[in-house]
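Reproduced below: my_file.pdb, with PDB, C-alpha atoms and all ligand atoms.
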```pdb
ATOM      1  CA  MET U   1       0.000   0.000   0.000
ATOM      2  CA  GLU U   2       1.474   3.321  -1.082
ATOM      3  CA  ILE U   3       0.765   6.290   1.172
ATOM      4  CA  LEU U   4       1.736   9.801   0.198
ATOM      5  CA  VAL U   5       1.511  12.703   2.605
ATOM      6  CA  LYS U   6       1.777  16.453   2.293
ATOM      7  CA  PRO U   7       1.305  18.964   5.101
ATOM      8  CA  CYS U   8      -0.935  21.703   3.709
ATOM      9  CA  GLY U   9      -1.794  25.251   4.674
ATOM     10  CA  GLU U  10      -0.864  27.361   7.668
ATOM     11  CA  PHE U  11      -1.784  24.584  10.146
ATOM     12  CA  GLN U  12       0.326  22.064   8.208
ATOM     13  CA  THR U  13      -2.588  19.677   7.990
ATOM     14  CA  ASN U  14      -1.567  16.301   6.595
ATOM     15  CA  CYS U  15      -3.296  15.328   3.373
ATOM     16  CA  TYR U  16      -2.872  11.622   2.616
ATOM     17  CA  ILE U  17      -3.292   9.753  -0.656
ATOM     18  CA  ILE U  18      -3.682   5.977  -0.495
ATOM     19  CA  ASP U  19      -2.698   3.944  -3.558
ATOM     20  CA  LYS U  20      -3.562   6.931  -5.781
ATOM     21  CA  LYS U  21      -7.254   6.298  -5.056
ATOM     22  CA  ILE U  22      -8.381   7.587  -1.685
ATOM     23  CA  ILE U  23      -7.775  11.130  -0.470
ATOM     24  CA  ILE U  24      -7.872  11.906   3.227
ATOM     25  CA  ASP U  25      -8.251  15.461   4.571
ATOM     26  CA  PRO U  26      -7.379  17.696   1.626
ATOM     27  CA  GLY U  27      -6.680  20.990   3.343
ATOM     28  CA  MET U  28      -5.810  24.348   1.873
ATOM     29  CA  GLY U  29      -3.647  23.935  -1.235
ATOM     30  CA  ALA U  30      -4.000  20.132  -1.359
ATOM     31  CA  PHE U  31      -5.575  20.268  -4.816
ATOM     32  CA  GLU U  32      -2.251  20.494  -6.715
ATOM     33  CA  PHE U  33      -0.714  17.669  -4.667
ATOM     34  CA  VAL U  34      -3.785  15.521  -5.289
ATOM     35  CA  LYS U  35      -3.940  16.292  -9.005
ATOM     36  CA  GLU U  36      -0.312  15.239  -9.466
ATOM     37  CA  ASN U  37      -0.583  12.025  -7.484
ATOM     38  CA  VAL U  38      -3.938  10.343  -8.110
ATOM     39  CA  GLU U  39      -5.189   8.093 -10.878
ATOM     40  CA  LYS U  40      -8.949   7.748 -11.195
ATOM     41  CA  PRO U  41      -9.509   8.534  -7.517
ATOM     42  CA  LEU U  42     -12.497   7.018  -5.740
ATOM     43  CA  ALA U  43     -13.305   9.224  -2.777
ATOM     44  CA  ILE U  44     -12.412  11.923  -0.296
ATOM     45  CA  ILE U  45     -12.677  10.957   3.365
ATOM     46  CA  ASN U  46     -12.635  13.667   6.048
ATOM     47  CA  THR U  47     -11.534  12.586   9.528
ATOM     48  CA  HIS U  48     -13.597  15.520  10.836
ATOM     49  CA  GLY U  49     -15.075  18.767   9.608
ATOM     50  CA  HIS U  50     -12.538  21.428  10.657
ATOM     51  CA  PHE U  51     -11.756  23.900   7.891
ATOM     52  CA  ASP U  52      -8.055  23.066   7.698
ATOM     53  CA  HIS U  53      -8.936  19.423   6.876
ATOM     54  CA  ILE U  54     -11.687  20.064   4.345
ATOM     55  CA  TRP U  55     -10.668  23.261   2.559
ATOM     56  CA  ASP U  56     -10.000  21.723  -0.876
ATOM     57  CA  ASP U  57     -12.867  19.174  -0.710
ATOM     58  CA  LYS U  58     -14.999  21.178  -3.113
ATOM     59  CA  LYS U  59     -12.282  21.741  -5.715
ATOM     60  CA  ILE U  60     -11.279  18.066  -5.718
ATOM     61  CA  LYS U  61     -14.817  16.725  -5.635
ATOM     62  CA  GLU U  62     -15.847  18.850  -8.598
ATOM     63  CA  TYR U  63     -12.673  18.260 -10.637
ATOM     64  CA  PHE U  64     -12.741  14.452 -10.294
ATOM     65  CA  ASN U  65     -16.463  14.027  -9.695
ATOM     66  CA  ILE U  66     -15.949  11.875  -6.589
ATOM     67  CA  PRO U  67     -17.926  11.626  -3.353
ATOM     68  CA  ILE U  68     -17.035  13.138   0.012
ATOM     69  CA  PHE U  69     -17.357  10.860   3.049
ATOM     70  CA  ILE U  70     -17.692  12.397   6.505
ATOM     71  CA  HIS U  71     -19.256  11.325   9.780
ATOM     72  CA  LYS U  72     -22.870  12.425   9.937
ATOM     73  CA  LYS U  73     -22.247  14.503  13.072
ATOM     74  CA  ASP U  74     -19.569  16.617  11.376
ATOM     75  CA  ALA U  75     -21.354  17.127   8.052
ATOM     76  CA  PHE U  76     -22.619  20.554   9.126
ATOM     77  CA  PHE U  77     -19.069  21.991   9.135
ATOM     78  CA  LEU U  78     -18.877  21.537   5.341
ATOM     79  CA  GLU U  79     -22.008  23.494   4.653
ATOM     80  CA  ASN U  80     -21.581  26.202   7.250
ATOM     81  CA  ASP U  81     -18.184  26.836   8.862
ATOM     82  CA  PRO U  82     -18.875  27.993  12.425
ATOM     83  CA  PHE U  83     -15.379  29.475  12.830
ATOM     84  CA  GLY U  84     -15.786  32.173  10.195
ATOM     85  CA  PHE U  85     -12.775  31.155   8.094
ATOM     86  CA  ASN U  86     -15.126  30.593   5.158
ATOM     87  CA  PRO U  87     -13.769  27.497   3.428
ATOM     88  CA  PRO U  88     -15.605  26.752   0.155
ATOM     89  CA  LYS U  89     -19.031  25.363   1.104
ATOM     90  CA  ILE U  90     -19.872  21.884  -0.156
ATOM     91  CA  LYS U  91     -22.548  19.283   0.554
ATOM     92  CA  PRO U  92     -21.043  15.930   1.547
ATOM     93  CA  ASP U  93     -22.239  12.801  -0.275
ATOM     94  CA  VAL U  94     -21.906   9.944   2.184
ATOM     95  CA  LEU U  95     -22.739  10.489   5.852
ATOM     96  CA  ILE U  96     -20.877   7.767   7.647
ATOM     97  CA  GLU U  97     -21.149   6.103  11.015
ATOM     98  CA  GLU U  98     -18.940   3.653  12.846
ATOM     99  CA  GLY U  99     -18.649   0.481  10.775
ATOM    100  CA  GLU U 100     -17.150  -1.125   7.695
ATOM    101  CA  TYR U 101     -17.316   0.432   4.249
ATOM    102  CA  LYS U 102     -16.239  -0.815   0.849
ATOM    103  CA  ILE U 103     -14.803   1.885  -1.423
ATOM    104  CA  GLY U 104     -13.774   0.318  -4.728
ATOM    105  CA  ASP U 105     -11.483  -2.554  -3.688
ATOM    106  CA  PHE U 106     -10.650  -0.960  -0.351
ATOM    107  CA  ASP U 107     -12.012  -2.238   2.946
ATOM    108  CA  VAL U 108     -12.371   0.801   5.188
ATOM    109  CA  LYS U 109     -13.069   0.539   8.880
ATOM    110  CA  ILE U 110     -14.484   3.606  10.594
ATOM    111  CA  ARG U 111     -14.428   4.134  14.349
ATOM    112  CA  HIS U 112     -16.207   7.060  15.957
ATOM    113  CA  PHE U 113     -14.146   8.986  18.537
ATOM    114  CA  PRO U 114     -16.042  12.175  19.416
ATOM    115  CA  GLY U 115     -14.482  14.869  21.602
ATOM    116  CA  HIS U 116     -12.335  17.084  19.377
ATOM    117  CA  THR U 117     -15.477  17.385  17.229
ATOM    118  CA  PRO U 118     -18.812  15.523  17.488
ATOM    119  CA  GLY U 119     -18.047  13.444  14.393
ATOM    120  CA  SER U 120     -14.313  12.778  14.679
ATOM    121  CA  ILE U 121     -13.367   9.376  13.289
ATOM    122  CA  THR U 122     -10.408   7.154  12.640
ATOM    123  CA  VAL U 123     -10.118   5.568   9.226
ATOM    124  CA  GLU U 124      -8.438   2.159   8.998
ATOM    125  CA  ILE U 125      -7.222   0.919   5.649
ATOM    126  CA  GLY U 126      -4.907  -2.101   5.695
ATOM    127  CA  GLU U 127      -2.234  -1.666   8.369
ATOM    128  CA  ASN U 128      -2.865   2.061   8.708
ATOM    129  CA  MET U 129      -5.132   4.122  10.899
ATOM    130  CA  PHE U 130      -5.710   7.756   9.941
ATOM    131  CA  SER U 131      -6.486   9.493  13.223
ATOM    132  CA  GLY U 132      -7.245  13.089  12.246
ATOM    133  CA  ASP U 133      -7.061  15.386  15.272
ATOM    134  CA  PHE U 134      -8.106  12.691  17.743
ATOM    135  CA  VAL U 135      -4.622  11.268  18.468
ATOM    136  CA  PHE U 136      -1.217  12.697  17.530
ATOM    137  CA  GLU U 137       2.276  11.441  18.286
ATOM    138  CA  GLY U 138       2.427  12.047  22.042
ATOM    139  CA  SER U 139      -0.726  14.140  22.359
ATOM    140  CA  ILE U 140      -4.423  14.543  21.622
ATOM    141  CA  GLY U 141      -6.628  17.037  19.820
ATOM    142  CA  ARG U 142      -7.912  20.221  21.449
ATOM    143  CA  VAL U 143     -11.149  20.032  23.375
ATOM    144  CA  ASP U 144     -11.534  23.748  24.137
ATOM    145  CA  LEU U 145     -13.007  24.682  20.748
ATOM    146  CA  PRO U 146     -16.672  25.288  19.895
ATOM    147  CA  TYR U 147     -18.355  21.868  19.439
ATOM    148  CA  SER U 148     -15.527  20.110  21.329
ATOM    149  CA  ASN U 149     -16.364  18.044  24.386
ATOM    150  CA  ALA U 150     -13.799  16.990  26.986
ATOM    151  CA  LEU U 151     -16.013  14.316  28.543
ATOM    152  CA  GLN U 152     -16.580  12.688  25.166
ATOM    153  CA  MET U 153     -12.829  12.851  24.530
ATOM    154  CA  LYS U 154     -12.245  11.000  27.774
ATOM    155  CA  LYS U 155     -14.646   8.252  26.731
ATOM    156  CA  SER U 156     -13.063   8.109  23.279
ATOM    157  CA  ILE U 157      -9.607   7.616  24.794
ATOM    158  CA  GLU U 158     -10.950   4.839  27.016
ATOM    159  CA  LYS U 159     -12.418   3.223  23.901
ATOM    160  CA  PHE U 160      -9.124   3.577  22.008
ATOM    161  CA  LEU U 161      -7.226   1.922  24.874
ATOM    162  CA  LYS U 162      -9.275  -1.247  24.270
ATOM    163  CA  ILE U 163      -8.212  -1.724  20.634
ATOM    164  CA  PRO U 164      -6.513  -5.124  20.797
ATOM    165  CA  TYR U 165      -4.207  -4.892  17.759
ATOM    166  CA  ASP U 166      -1.414  -2.652  16.526
ATOM    167  CA  LYS U 167      -1.367  -0.489  13.386
ATOM    168  CA  ARG U 168       0.503   2.546  12.154
ATOM    169  CA  VAL U 169      -1.289   5.741  13.226
ATOM    170  CA  LEU U 170      -1.139   8.625  10.740
ATOM    171  CA  PRO U 171      -2.436  11.817  12.356
ATOM    172  CA  GLY U 172      -3.842  15.035  10.949
ATOM    173  CA  HIS U 173      -0.736  16.962  12.016
ATOM    174  CA  GLY U 174       2.845  15.873  12.649
ATOM    175  CA  PRO U 175       4.574  12.508  12.381
ATOM    176  CA  ALA U 176       3.181   8.974  12.576
ATOM    177  CA  THR U 177       2.939   6.797  15.661
ATOM    178  CA  THR U 178       1.350   3.405  16.362
ATOM    179  CA  ILE U 179      -1.723   2.205  18.258
ATOM    180  CA  LYS U 180       0.444   0.471  20.880
ATOM    181  CA  LYS U 181       2.621   3.553  21.434
ATOM    182  CA  ALA U 182      -0.457   5.760  21.706
ATOM    183  CA  GLN U 183      -1.980   3.368  24.229
ATOM    184  CA  LYS U 184       1.100   3.976  26.432
ATOM    185  CA  PHE U 185       0.891   7.773  26.546
ATOM    186  CA  LEU U 186      -2.878   8.250  26.348
ATOM    187  CA  PRO U 187      -3.712   7.316  29.976
ATOM    188  CA  MET U 188      -1.815  10.387  31.187
ATOM    189  CA  TRP U 189      -4.186  12.579  29.151
ATOM    190  CA  LEU U 190      -7.170  11.092  30.939
ATOM    191  CA  ASP U 191      -6.058  12.925  34.066
ATOM    192  CA  CYS U 192      -5.959  16.244  32.201
ATOM    193  CA  LEU U 193      -9.523  16.066  30.919
TER     194      LEU U 193
HETATM  195 ZN    ZN U 201      -9.469  19.652  14.091
HETATM  196 ZN    ZN U 202      -6.386  19.837  12.441
END
```
Target encoding structure tokens, full file:
Amino acid sequence: MEILVKPCGEFQTNCYIIDKKIIIDPGMGAFEFVKENVEKPLAIINTHGHFDHIWDDKKIKEYFNIPIFIHKKDAFFLENDPFGFNPPKIKPDVLIEEGEYKIGDFDVKIRHFPGHTPGSITVEIGENMFSGDFVFEGSIGRVDLPYSNALQMKKSIEKFLKIPYDKRVLPGHGPATTIKKAQKFLPMWLDCL
């Protein structure tokens, strides 16, 4: 499985491309990176609805005519940015929930981890888990923003600690980690929430 990554925009939000087919979190300026590196792409998946993760959704969706997947509880961010940064408005196509999805030949497992936003998810494809702003290398996403919820974040971390297997974790910002490594540092964050 080939995974390309490019940090985009002023928040250096990681845009990932999996096997030239699936685009995760195309932030500001991701369009050029995507255009150069995909071949008949299948879908855009947003780990959550924050503007820095979805900015180029509209451009890419319209250029390639592909659907946008986002958790149903974060869909509203795409149509009406509550932060006033005014990313291009776009209606998502597939409102997802926790579960298994088939996108082309890809088996995609979605887990719902609310807290940073109501519809934050992780996206598992093969040996990789794309964690958005839920889990980073050594830290977790902010819970002091509008629509964040510290109590939900606490429950999400407890849920993450129960995942019985290891995978590479590719976050929305910064370098990769693994599920097992994250399970070592996450308990300390429980005390901060
Ligand atoms: Zn975020
Ligand atoms: Zn972010």
## Note on the structure
Of U:Arg168, U:His53, U:Lys21, U:Lys73, the one nearest to Pro7 of chain U when counting all atoms listed in the file is U:His53
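Inspection of the environment of ligand ZN 201 (chain U), which uses all atoms listed in the file and a cut-off of 9 Å, identifies the neighbouring residues as Thr47, His48, Gly49, His50, Phe51, Asp52, His53, His116, Thr117, Ser120, Gly132, Asp133, Phe134, Gly141, Arg142 and Gly172 of chain U.
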With C-alpha atoms retained, could you export that selection as a compact mmCIF listing (two decimals), in the coordinates of the input?
```txt
# COMPACT_ATOMS: atom_id res chain seq x y z
CA THR U 47 -11.53 12.59 9.53
CA HIS U 48 -13.60 15.52 10.84
CA GLY U 49 -15.08 18.77 9.61
CA HIS U 50 -12.54 21.43 10.66
CA PHE U 51 -11.76 23.90 7.89
CA ASP U 52 -8.06 23.07 7.70
CA HIS U 53 -8.94 19.42 6.88
CA HIS U 116 -12.34 17.08 19.38
CA THR U 117 -15.48 17.39 17.23
CA SER U 120 -14.31 12.78 14.68
CA GLY U 132 -7.24 13.09 12.25
CA ASP U 133 -7.06 15.39 15.27
CA PHE U 134 -8.11 12.69 17.74
CA GLY U 141 -6.63 17.04 19.82
CA ARG U 142 -7.91 20.22 21.45
CA GLY U 172 -3.84 15.04 10.95
```
### Message
Can you spell out as a PyMOL selection string the set of residues that the PyMOL selection byres (((chain U and resi 151-157) around 10) and not hetatm) selects in the structure I just provided?
### Response
chain U and resi 111-118+120+134-135+140-143+148-150+158-162+182-183+186-187+189-193
### Counting all atoms listed in the file, the option among U:Pro41, U:Gly84, U:Gly29, U:Gly119 closest to Lys72 of chain U
U:Gly119
#### Entry: the PyMOL selection byres (((chain U and resi 59-62) around 12) and not hetatm) applied to the shown file, residues as number ranges by chain
U: 22-36, 38, 40-45, 54-58, 63-69, 87-93
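The interatomic distance for the pair atom CA of Met1 of chain U and atom CA of Glu98 of chain U works out to 23.2 Å.
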### Query
Quick one: of U:Ser139, U:Gln12, U:Thr177, U:Thr122, who's nearest to ligand ZN 202 (chain U), counting all atoms listed in the file?
U:Gln12
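Atom CA of Pro146 of chain U is positioned 26.9 Å from atom CA of Glu124 of chain U.
When atom CA of Cys15 of chain U is paired with atom CA of Ile163 of chain U, their separation reads 24.8 Å.
Nearest to ligand ZN 202 (chain U) of all the residues U:Glu137, U:Thr13, U:Asp74, U:Glu100 is U:Thr13, counting all atoms listed in the file.
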#### Entry: Option closest in space to Ser131 of chain U, from U:Tyr16, U:Phe85, U:Phe76, U:Phe11 [counting all atoms listed in the file]
U:Tyr16
